[in-house]
Structures are given as structure tokens and as C-alpha cells.
$ cat work-v6.cif   # mmCIF, C-alpha atoms
data_upload
#
loop_
_atom_site.label_atom_id
_atom_site.label_comp_id
_atom_site.auth_asym_id
_atom_site.auth_seq_id
_atom_site.Cartn_x
_atom_site.Cartn_y
_atom_site.Cartn_z
CA MET X 1 -25.80 4.04 -3.55
CA GLU X 2 -23.79 2.91 -6.56
CA ARG X 3 -23.38 -0.70 -7.49
CA ASP X 4 -20.18 -2.07 -8.88
CA CYS X 5 -20.93 -3.50 -12.30
CA ARG X 6 -17.61 -5.34 -12.53
CA ALA X 7 -18.32 -7.74 -9.66
CA GLU X 8 -18.33 -11.46 -10.39
CA PRO X 9 -20.71 -13.96 -8.88
CA LEU X 10 -19.31 -15.96 -5.98
CA LYS X 11 -17.86 -19.34 -6.85
CA LYS X 12 -19.54 -22.35 -5.38
CA LYS X 13 -17.43 -24.46 -3.06
CA LYS X 14 -16.70 -27.82 -4.53
CA ARG X 15 -17.88 -30.71 -2.48
CA ILE X 16 -15.16 -33.26 -2.10
CA ASP X 17 -16.14 -36.85 -1.75
CA PRO X 18 -15.40 -38.09 1.81
CA MET X 19 -13.90 -41.24 0.30
CA ILE X 20 -11.28 -39.19 -1.57
CA ILE X 21 -10.43 -37.27 1.61
CA ARG X 22 -9.99 -40.54 3.51
CA GLN X 23 -7.74 -41.94 0.73
CA LYS X 24 -5.52 -38.82 0.86
CA GLU X 25 -5.21 -39.12 4.63
CA GLU X 26 -4.36 -42.82 4.35
CA ARG X 27 -1.68 -42.10 1.72
CA ARG X 28 -0.19 -39.39 3.93
CA LYS X 29 -0.25 -41.77 6.92
CA LYS X 30 1.44 -44.57 4.94
CA LYS X 31 4.12 -42.16 3.73
CA ILE X 32 4.88 -41.04 7.29
CA GLU X 33 4.99 -44.67 8.51
CA LYS X 34 7.39 -45.54 5.68
CA MET X 35 9.67 -42.65 6.65
CA ILE X 36 9.60 -43.79 10.30
CA ARG X 37 10.54 -47.34 9.28
CA ARG X 38 13.40 -46.05 7.14
CA LEU X 39 14.70 -43.90 10.02
CA GLU X 40 14.48 -46.83 12.45
CA LYS X 41 16.38 -49.03 9.99
CA ASN X 42 19.21 -46.49 9.65
CA ALA X 43 19.27 -45.54 13.35
CA GLY X 44 22.35 -47.67 14.11
CA GLN X 45 24.39 -46.32 11.21
CA LEU X 46 26.63 -43.35 11.73
CA LYS X 47 26.45 -40.49 9.28
CA PRO X 48 29.65 -40.20 7.24
CA ILE X 49 31.73 -37.07 7.64
CA ASP X 50 33.10 -35.97 4.28
CA GLU X 51 36.18 -34.28 5.74
CA LEU X 52 37.29 -37.49 7.46
CA GLU X 53 36.80 -39.83 4.54
CA VAL X 54 39.97 -40.86 2.74
CA PRO X 55 39.60 -41.11 -1.04
CA HIS X 56 39.69 -44.65 -2.43
CA ALA X 57 42.67 -43.90 -4.69
CA VAL X 58 44.74 -42.80 -1.70
CA VAL X 59 43.85 -45.95 0.24
CA GLN X 60 45.04 -48.08 -2.68
CA GLN X 61 48.35 -46.20 -2.83
CA MET X 62 48.94 -46.42 0.93
CA ASP X 63 52.03 -48.66 0.71
CA ILE X 64 53.56 -46.44 -2.02
CA ARG X 65 52.91 -43.27 -0.03
CA LYS X 66 54.43 -44.49 3.24
CA ARG X 67 57.55 -42.59 4.14
CA GLN X 68 60.50 -43.93 5.97
CA LYS X 69 60.98 -42.53 9.42
CA VAL X 70 63.70 -39.91 9.28
CA THR X 71 65.79 -39.52 12.37
CA MET X 72 67.14 -36.05 12.86
CA ARG X 73 70.70 -35.70 13.99
CA GLU X 74 71.13 -34.11 17.36
CA GLU X 75 73.17 -31.26 15.87
CA VAL X 76 70.40 -30.36 13.42
CA ALA X 77 67.73 -30.44 16.16
CA GLU X 78 69.89 -28.21 18.35
CA GLN X 79 70.51 -25.81 15.45
CA ARG X 80 66.75 -25.56 14.79
CA ALA X 81 66.06 -24.87 18.46
CA GLN X 82 68.73 -22.11 18.41
CA LEU X 83 67.16 -20.57 15.27
CA THR X 84 63.72 -20.60 16.93
CA LYS X 85 65.11 -18.88 20.02
CA GLN X 86 66.91 -16.26 17.91
CA TRP X 87 63.77 -15.59 15.87
CA SER X 88 61.60 -15.14 18.96
CA GLN X 89 64.21 -12.83 20.50
CA TYR X 90 64.33 -10.76 17.28
CA LYS X 91 60.51 -10.45 17.14
CA PHE X 92 60.38 -9.48 20.84
CA GLU X 93 62.96 -6.73 20.31
CA GLN X 94 61.07 -5.52 17.22
CA HIS X 95 57.87 -5.31 19.26
CA GLN X 96 59.62 -3.43 22.07
CA LYS X 97 61.01 -0.88 19.58
CA GLU X 98 57.55 -0.32 18.09
CA VAL X 99 56.05 0.20 21.56
CA THR X 100 58.75 2.73 22.54
CA VAL X 101 58.28 4.64 19.27
CA LEU X 102 54.52 4.82 19.88
CA LYS X 103 55.07 5.99 23.47
CA LYS X 104 57.47 8.71 22.26
CA ILE X 105 54.91 9.86 19.67
CA ILE X 106 52.16 10.05 22.32
CA VAL X 107 54.40 11.97 24.74
CA ALA X 108 55.40 14.42 22.00
CA ARG X 109 51.76 14.93 21.02
CA ASP X 110 50.74 15.57 24.62
CA GLN X 111 53.58 18.08 25.07
CA ALA X 112 52.63 19.89 21.86
CA LEU X 113 48.99 20.06 22.95
CA GLU X 114 49.99 21.40 26.36
CA GLU X 115 52.11 24.11 24.76
CA LEU X 116 49.24 24.96 22.41
CA ARG X 117 46.87 25.18 25.37
CA GLN X 118 49.19 27.66 27.10
CA GLU X 119 49.29 29.74 23.92
CA SER X 120 45.60 29.77 23.06
CA GLU X 121 42.66 27.93 24.59
CA ASP X 122 40.61 28.32 21.37
CA LEU X 123 43.30 26.76 19.18
CA TRP X 124 43.71 23.93 21.69
CA LEU X 125 39.96 23.22 21.67
CA GLU X 126 39.99 23.17 17.88
CA ALA X 127 43.03 20.87 17.82
CA ILE X 128 41.50 18.23 20.10
CA GLN X 129 38.26 17.99 18.10
CA VAL X 130 37.81 14.76 16.14
CA ASP X 131 38.26 15.18 12.40
CA HIS X 132 35.20 13.46 10.92
CA VAL X 133 36.62 13.65 7.41
CA LEU X 134 39.74 11.78 8.53
CA LEU X 135 37.80 9.24 10.59
CA PRO X 136 34.37 8.70 9.04
CA PHE X 137 32.28 6.80 11.56
CA LYS X 138 28.54 6.44 11.78
CA ALA X 139 26.64 4.41 14.31
CA LYS X 140 22.92 3.78 14.49
CA GLY X 141 21.25 2.00 17.32
CA PRO X 142 18.91 2.24 20.23
CA VAL X 143 19.41 5.38 22.26
CA ALA X 144 17.26 4.94 25.33
CA THR X 145 16.10 1.33 25.37
CA SER X 146 16.99 -1.06 28.14
CA PRO X 147 18.51 -4.45 27.31
CA ILE X 148 16.19 -7.42 26.97
CA LYS X 149 16.80 -10.06 29.64
CA ASP X 150 17.86 -13.53 28.44
CA TYR X 151 18.07 -12.36 24.81
CA ASP X 152 20.25 -14.64 22.70
CA THR X 153 21.92 -12.43 20.12
CA PRO X 154 22.33 -13.88 16.63
CA ASP X 155 25.88 -14.43 15.34
CA GLY X 156 25.22 -12.93 11.94
CA GLU X 157 23.95 -14.64 8.83
CA TYR X 158 23.65 -18.40 9.04
CA TYR X 159 23.49 -20.67 6.04
CA ASN X 160 22.47 -24.22 6.81
CA ILE X 161 24.52 -26.56 4.62
CA THR X 162 23.65 -29.70 6.55
CA LYS X 163 23.18 -32.68 4.27
CA LYS X 164 19.88 -34.53 4.52
CA TRP X 165 20.13 -38.28 5.07
CA ASP X 166 16.95 -40.06 4.07
#
$ encode --input "work-v6.cif" --output "C-alpha cells"
Amino acid sequence: MERDCRAEPLKKKKRIDPMIIRQKEERRKKKIEKMIRRLEKNAGQLKPIDELEVPHAVVQQMDIRKRQKVTMREEVAEQRAQLTKQWSQYKFEQHQKEVTVLKKIIVARDQALEELRQESEDLWLEAIQVDHVLLPFKAKGPVATSPIKDYDTPDGEYYNITKKWD
């Protein structure tokens, strides 16, 4: 049996004075009590929300920034309503045209495939195969595992940016 010559002797455990241990525990306890007192003191205060705070410079310029209420003439309001209706009608017609074009394309494709099938079954089978070069898609995942009951799926990466209020 060979002995390892590089081994070091075991280090002795340092004995810590019980008084020092007690002092550390007391300091830790005082710190926790102080934090509890601070939290109780601030319990009634609401945490400020940065997005809702108005900058001080804006508050000072409030009377300068106030706008006079503009009353819109009835003709202008009616003209705007007419423009909105015309725009929505135009967009609806545009959508309908796109849908009919897509339907025509699908019908033409189906007819061409049917004609190809009548010509040659082999060519038809080759034509309906998915082109993986044109549509590169790879999916990895469980193949034969059952779903876990009551599993709360994560919503992606989460970065906590909550501000700490001490």
C-alpha cells in the first residue's frame, strides 16, 4: 500500500469563545428588530409609483401649460365622422379583395394538383411533399411523456426590477 507523501496534516478547529458567539447573535437580533421597527414606521406610507409622478418643473408651469377648451364646429365634427366612415369602408373593401385573391390562388392550386394527380400519381406525391429548404422548421420536445397535472408553465425570462424600499 502506497502512502501519499503530499498530504497535509489536518487543521485544528478553532474554538470560538461562547461570549463572541452570543455577541454576534445579539447584534443580528438587534439588526432584525431595527428593520422591523423601520417597516412598522413606514407601514402607513404608500410606495410612490414613478410613472404617475409629475415632475416638479411641470407642476410649476401648470398655469402656463393650460390650454383653452376648443369647441369644434359641428361641420368639422361631421366631416371627421364622414372621413372615418370612408376610411373604414376602404379598409374593409381592401381586406375583401385580399381574401378573394387568396381564395382564387388556393382554388387554382387545388385544380392544378388534381390535374397533376390524373396525369401521374408519382409527380403528384412529389408535388405535395413539404420543401424543407423553403420552410426550415425544427422542433424538439417530449415525444411520449404525459402532461404534468397542475403544472404552472413559466412565461419566459423574468427580470425583477422591483425597487427595494427600506
$ atom_distance --input "work-v6.cif" --atom1 "CA of Arg22 (chain X)" --atom2 "CA of Ile36 (chain X)"
21.0 Å
$ closest_residue --input "work-v6.cif" --among "X:Thr71, X:Val58, X:Lys14, X:Ala127" --to "Asp110 (chain X)" --atoms "only C-alpha atoms"
X:Ala127
$ atom_distance --input "work-v6.cif" --atom1 "CA of Lys164 (chain X)" --atom2 "CA of Lys41 (chain X)"
15.9 Å
$ atom_distance --input "work-v6.cif" --atom1 "CA of Trp165 (chain X)" --atom2 "CA of Ile49 (chain X)"
11.9 Å
$ build_atoms --input "work-v6.cif" --residues "region 79-105 of chain X" --atoms "N, CA, C and O atoms" --output "tab-separated table (two decimals), keeping the file's coordinate frame"
chain	number	residue	atom	x	y	z
X	79	GLN	N	70.41	-27.00	16.30
X	79	GLN	CA	70.51	-25.81	15.45
X	79	GLN	C	69.12	-25.20	15.21
X	79	GLN	O	68.96	-23.98	15.27
X	80	ARG	N	68.12	-26.05	14.99
X	80	ARG	CA	66.75	-25.56	14.79
X	80	ARG	C	66.22	-24.88	16.05
X	80	ARG	O	65.55	-23.86	15.98
X	81	ALA	N	66.51	-25.47	17.20
X	81	ALA	CA	66.06	-24.87	18.46
X	81	ALA	C	66.72	-23.50	18.64
X	81	ALA	O	66.07	-22.54	19.07
X	82	GLN	N	68.02	-23.39	18.31
X	82	GLN	CA	68.73	-22.11	18.41
X	82	GLN	C	68.11	-21.07	17.48
X	82	GLN	O	67.93	-19.91	17.85
X	83	LEU	N	67.79	-21.49	16.23
X	83	LEU	CA	67.16	-20.57	15.27
X	83	LEU	C	65.80	-20.07	15.79
X	83	LEU	O	65.47	-18.90	15.66
X	84	THR	N	65.03	-20.98	16.38
X	84	THR	CA	63.72	-20.60	16.93
X	84	THR	C	63.89	-19.58	18.05
X	84	THR	O	63.15	-18.58	18.12
X	85	LYS	N	64.86	-19.82	18.91
X	85	LYS	CA	65.11	-18.88	20.02
X	85	LYS	C	65.55	-17.52	19.48
X	85	LYS	O	65.10	-16.47	19.96
X	86	GLN	N	66.43	-17.53	18.49
X	86	GLN	CA	66.91	-16.26	17.91
X	86	GLN	C	65.76	-15.50	17.26
X	86	GLN	O	65.66	-14.27	17.39
X	87	TRP	N	64.91	-16.23	16.55
X	87	TRP	CA	63.77	-15.59	15.87
X	87	TRP	C	62.81	-14.96	16.88
X	87	TRP	O	62.37	-13.82	16.71
X	88	SER	N	62.51	-15.70	17.96
X	88	SER	CA	61.60	-15.14	18.96
X	88	SER	C	62.23	-13.94	19.66
X	88	SER	O	61.53	-12.96	19.96
X	89	GLN	N	63.53	-13.97	19.89
X	89	GLN	CA	64.21	-12.83	20.50
X	89	GLN	C	64.15	-11.61	19.57
X	89	GLN	O	63.87	-10.50	20.00
X	90	TYR	N	64.38	-11.84	18.27
X	90	TYR	CA	64.33	-10.76	17.28
X	90	TYR	C	62.94	-10.13	17.24
X	90	TYR	O	62.79	-8.91	17.25
X	91	LYS	N	61.88	-10.97	17.20
X	91	LYS	CA	60.51	-10.45	17.14
X	91	LYS	C	60.15	-9.70	18.43
X	91	LYS	O	59.45	-8.68	18.38
X	92	PHE	N	60.64	-10.17	19.58
X	92	PHE	CA	60.38	-9.48	20.84
X	92	PHE	C	61.02	-8.09	20.82
X	92	PHE	O	60.39	-7.10	21.20
X	93	GLU	N	62.27	-8.02	20.38
X	93	GLU	CA	62.96	-6.73	20.31
X	93	GLU	C	62.26	-5.79	19.33
X	93	GLU	O	62.13	-4.58	19.60
X	94	GLN	N	61.81	-6.32	18.19
X	94	GLN	CA	61.07	-5.52	17.22
X	94	GLN	C	59.80	-4.95	17.84
X	94	GLN	O	59.49	-3.76	17.68
X	95	HIS	N	59.09	-5.76	18.59
X	95	HIS	CA	57.87	-5.31	19.26
X	95	HIS	C	58.18	-4.22	20.29
X	95	HIS	O	57.47	-3.21	20.36
X	96	GLN	N	59.24	-4.43	21.06
X	96	GLN	CA	59.62	-3.43	22.07
X	96	GLN	C	59.96	-2.10	21.42
X	96	GLN	O	59.58	-1.03	21.93
X	97	LYS	N	60.67	-2.13	20.29
X	97	LYS	CA	61.01	-0.88	19.58
X	97	LYS	C	59.75	-0.17	19.10
X	97	LYS	O	59.64	1.06	19.21
X	98	GLU	N	58.80	-0.92	18.55
X	98	GLU	CA	57.55	-0.32	18.09
X	98	GLU	C	56.79	0.33	19.25
X	98	GLU	O	56.24	1.43	19.11
X	99	VAL	N	56.76	-0.34	20.39
X	99	VAL	CA	56.05	0.20	21.56
X	99	VAL	C	56.72	1.49	22.03
X	99	VAL	O	56.04	2.48	22.33
X	100	THR	N	58.07	1.51	22.09
X	100	THR	CA	58.75	2.73	22.54
X	100	THR	C	58.54	3.87	21.57
X	100	THR	O	58.37	5.03	21.99
X	101	VAL	N	58.53	3.59	20.26
X	101	VAL	CA	58.28	4.64	19.27
X	101	VAL	C	56.88	5.22	19.47
X	101	VAL	O	56.70	6.44	19.45
X	102	LEU	N	55.89	4.34	19.67
X	102	LEU	CA	54.52	4.82	19.88
X	102	LEU	C	54.42	5.65	21.16
X	102	LEU	O	53.75	6.69	21.19
X	103	LYS	N	55.11	5.22	22.22
X	103	LYS	CA	55.07	5.99	23.47
X	103	LYS	C	55.70	7.37	23.27
X	103	LYS	O	55.19	8.38	23.77
X	104	LYS	N	56.81	7.42	22.52
X	104	LYS	CA	57.47	8.71	22.26
X	104	LYS	C	56.54	9.63	21.47
X	104	LYS	O	56.46	10.83	21.73
X	105	ILE	N	55.84	9.07	20.49
X	105	ILE	CA	54.91	9.86	19.67
X	105	ILE	C	53.79	10.42	20.56
X	105	ILE	O	53.42	11.60	20.45
